[in-house]
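For reference, the structure is listed below as structure tokens.
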Amino acid sequence: MKKAHVSRVIGRTGTYVIAILLVVWVLLPLYLITVMSFSTKSGVYIFPKPLFPQPISTETFLFFINSTGVLKSALNSVIVAVTSMILAIIVGAPAGYAVARYIFHGRDLYRLAVISTRAFPAVILSIPLAVTFIKWGMYDSIFSLALVHTAISLPFTVLITGSVFAGVPKDLEEAAQTLGCNGVTAFIRVTLPLALPGLAAATLFNFVGSWNEVFSSVILTVRNRTLPALVLASLNVSPLPYRFAGALFMLLPSIVFMFFIRRYLFNLWGRVVK
Amino acid sequence: MKRIFVKQSTPYLLILPSLLFLMIFFAYPMVEAFSLSFRNPAGSWGWETFRTMVTDVAFWPALKTTLILTVIIIPVQFTLAMIMALVIQAKLKGAGFFLYIFSIPLAISELAAGIVFFAIFTDRGFLNTWLMQLGLISKPFLFLSYQNMGWLIFTVLMAEVWRSTAIVMVILVSGLQSIPKDYLEAADVFGASLWQKVTRLILPLLRPSIQVALILRTIFALQVFAVAMALAGRGMSLLASESYRWYMDYRNANVAAAYAALIMVLSILSAVIYIVALRTKPEQEMAV
């Protein structure tokens, strides 16, 4: 008995050690890029590299933000991400609701189509779309890019909203209908409020996806770059302070968003995979 | 009569907008990718574009490096993700904190991850600083030289594993949570070791989740692009970066599309292999 207890304590301590090592593994690179971004511009080139900025300075970070095109691209990124996350939920959520609530001919086929498109992201679609957009006069437009980002996030949105709606008991909606609601008002007053947190989490996730997307952004834009497209296209010619501060600038919003959706993460995936 | 019609058309009206989107932005470009690959830039049909792709000096290195990366990334990532998932399942104090930290890379872009690891691996970077401080080397080692392809692949691997293991972890944790507690308790009662629990109980029950994660990760590994651009610049050929190069530098959308078509075929092929090898019920297949 005692021996089992001792081995459990050792096992538990071991698990903590592994957990902490993994935390260090995730956080250390983030810390190092923060050190670089808050050094002076000349501090970025120091070798050997210090573990703390010497001295702490906003010079590098401001240098990136004030570089030509950065603020405009950041604004483009936000516009594309917000547009596509709104479009994706408007187009995707009704379909998710249909899959969750109705049994209809072609439902399985539709689900299969959605599931398989989930696996074909930007790299495959961008080149043909670029050729088509040039033909249609839609090339180099952030609105076109927002449409593509919508399409990329749509399969995920349909599946996730489907599982969110499936998580709201149908009985509640039917009860509301016996109490005088019609189908639409029952949805708006009962189902929607209950589904809202899950829908919001899915939407934030789409924002991050669009904010991070680089391949189709760099292929489909020339002058109207998003931030990742701008940074990628200038990798060869940009100085280190620009790249390092740029990386941190792209990372920060994602980490904040992650914080807000972390609670929904496993619900979202759990229901879809189950 | 009218009422019934309305009810039956409702789901179709609800899926119609998404269906249109999928037709325009998935079905059409996929067909177009193949049709571009079978034409030359002047527009006449034939195998010329594929011949140009295959005879280009960068083609075989690109294919080889992409496959090497994929083959190494997947098992490393799954082992690591499984360890992370088991740590989360161990219900330590601060499990919520660990979970948040472990899932941070989920939100990090390929490009940002590539630049972060560039700061570590570049010749005047952090790793060389530490190796010299430890006295292991006397002058900076060139990890990121195209003459050291092995090391270059290693650095891309480190960045990719750091960035994209979180998604596998999330899928595995979701799967683990759906395993009934009784099973694990029963295993404890019979004195099963951790290794036995993992190999005899957890892995078999996790098969649907593992299948989802394998398909997703393999397909995304075939498209590694920005990480390699940030770390190696033009020094490393991958399928996705060759597609980019042909489109941006050589202004040849046809060869670029041929690379896209090749990635698509490899993706479908790997998905089919996983589905056949890890057969489960249809509704469990790659639902993420």
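Residue numbering restarts at 1 in every chain; chains get A, B, ... in the order shown in the structure tokens, and ligands count up from 1 in that same order.
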
Helix (DSSP H, G or I) residues, from DSSP on the backbone, in range 30-237 of chain A, as an NGL selection string: :A and (30-37 or 43-45 or 59-65 or 70-101 or 107-117 or 122-136 or 142-166 or 170-178 or 183-212 or 215-220 or 227-233)

Spatial neighbours of Phe244 in chain A, 12 Å, only C-alpha atoms, chain gap at least 5 places, as a PyMOL selection string: (chain A and resi 29-41+44-45+60-65+231+235+238-239+249-251) or (chain B and resi 111-120+125+230)

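For the pair CA of Arg251 in chain B and CA of Val54 in chain B, the separation is 17.4 Å.
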
Contact table range 219-261 of chain A vs range 75-87 of chain A, cut-off 8 Å, shortest pair per residue, only C-alpha atoms, as a tab-separated table:
residue	atom	partner	partner_atom	distance
A:Asn224	CA	A:Asn76	CA	7.3
A:Arg225	CA	A:Asn76	CA	7.0
A:Thr226	CA	A:Ser77	CA	4.7
A:Leu227	CA	A:Ser77	CA	6.0

Met149 in chain B surroundings by only C-alpha atoms, 10 Å radius, close-in-sequence under 6 positions cut, as a PyMOL selection string: chain B and resi 65+143+155+232+235-236

Output file for the residues above (C-alpha atoms, as a PDB file, in the first residue's frame):
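Printed below is again-v3.pdb as written:
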ATOM      1  CA  THR B  65      12.065  17.466 -49.084  1.00  0.00           C
ATOM      2  CA  PHE B 143      22.192  26.005 -39.281  1.00  0.00           C
ATOM      3  CA  THR B 155      15.097  23.784 -38.305  1.00  0.00           C
ATOM      4  CA  ALA B 232      15.577  29.258 -45.535  1.00  0.00           C
ATOM      5  CA  GLY B 235      17.525  27.998 -50.085  1.00  0.00           C
ATOM      6  CA  MET B 236      14.959  25.235 -49.719  1.00  0.00           C
TER       7      MET B 236
END

Atomic distance CA of Gly106 in chain A - CA of Ala277 in chain B, expressed in Å with one decimal: 27.2 Å

Test item: residues at most 9 Å from range 241-248 of chain B, only C-alpha atoms, excluding those fewer than 4 positions along its chain, as a VMD selection string: (chain A and resid 123 127 215 218 to 219) or (chain B and resid 58 to 59 62 223 to 226 228 to 229 234 236 to 237 252 to 260)

Give me a file of those residues, with C-alpha atoms, as a tab-separated table (two decimals), in the first residue's frame.
chain	number	residue	atom	x	y	z
A	123	VAL	CA	-2.28	26.42	-51.47
A	127	ILE	CA	-3.35	29.89	-58.16
A	215	PHE	CA	-0.43	31.95	-49.13
A	218	VAL	CA	0.36	36.96	-51.12
A	219	ILE	CA	-0.83	35.35	-54.37
B	58	ALA	CA	13.95	22.18	-58.31
B	59	PHE	CA	11.18	19.61	-58.81
B	62	ALA	CA	11.04	19.90	-53.70
B	223	GLN	CA	1.68	22.53	-47.89
B	224	VAL	CA	4.44	23.80	-45.61
B	225	PHE	CA	5.45	27.11	-47.08
B	226	ALA	CA	5.87	30.25	-44.99
B	228	ALA	CA	10.46	27.47	-44.86
B	229	MET	CA	10.42	30.88	-46.55
B	234	ARG	CA	15.08	30.54	-51.47
B	236	MET	CA	14.96	25.23	-49.72
B	237	SER	CA	12.58	23.85	-52.30
B	252	ASN	CA	3.81	31.06	-65.14
B	253	ALA	CA	0.43	30.28	-63.59
B	254	ASN	CA	0.23	26.97	-65.46
B	255	VAL	CA	3.26	25.33	-63.85
B	256	ALA	CA	2.19	26.89	-60.52
B	257	ALA	CA	-1.22	25.24	-60.96
B	258	ALA	CA	0.45	21.93	-61.85
B	259	TYR	CA	2.20	22.01	-58.45
B	260	ALA	CA	-1.15	22.77	-56.81

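Taking CA of Pro29 in chain B and CA of Met138 in chain A as endpoints, the distance between them is 14.8 Å.
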
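Every protein or nucleic acid residue with an atom no more than 12 Å from Thr132 in chain A, counting only C-alpha atoms and leaving out same-chain residues fewer than 4 positions away, appears here: Leu125, Ser126, Ile127, Pro128, Trp136, Gly137, Met138, Tyr139, Asp140, Ser144 and Leu220 of chain A; Ile24, Phe25, Tyr28, Pro29, Met30, Val31, Glu32, Ala33, Leu36 and Ala253 of chain B.
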
Residues from the last selection, C-alpha atoms, saved as a CSV table (one decimal), in the first residue's frame:
chain,number,residue,atom,x,y,z
A,125,LEU,CA,-7.1,27.1,-54.5
A,126,SER,CA,-5.0,30.3,-54.8
A,127,ILE,CA,-3.4,29.9,-58.2
A,128,PRO,CA,-6.5,29.0,-60.1
A,136,TRP,CA,-13.0,38.9,-63.9
A,137,GLY,CA,-11.3,42.1,-62.8
A,138,MET,CA,-11.3,41.0,-59.1
A,139,TYR,CA,-7.6,40.7,-58.7
A,140,ASP,CA,-5.6,42.6,-56.0
A,144,SER,CA,-12.0,39.3,-53.2
A,220,LEU,CA,-4.1,37.3,-54.7
B,24,ILE,CA,-17.4,28.9,-56.8
B,25,PHE,CA,-14.4,28.8,-54.4
B,28,TYR,CA,-14.4,25.5,-59.8
B,29,PRO,CA,-10.8,26.2,-58.7
B,30,MET,CA,-10.0,22.5,-58.3
B,31,VAL,CA,-11.2,21.8,-61.8
B,32,GLU,CA,-9.4,24.9,-63.0
B,33,ALA,CA,-6.1,23.8,-61.3
B,36,LEU,CA,-4.4,25.0,-66.2
B,253,ALA,CA,0.4,30.3,-63.6

Residue contacts of range 162-177 of chain B (6 Å, only C-alpha atoms) excluding same-chain residues fewer than 3 positions away, as a ChimeraX atom specification: /A:266,270 /B:77,81,85,103,105-106,159,206,209,213

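The smallest atom-to-atom distance between chain A and any of B:Ala90, B:Ile73, B:Ile273, B:Ile202, using only C-alpha atoms, is found for B:Ala90.
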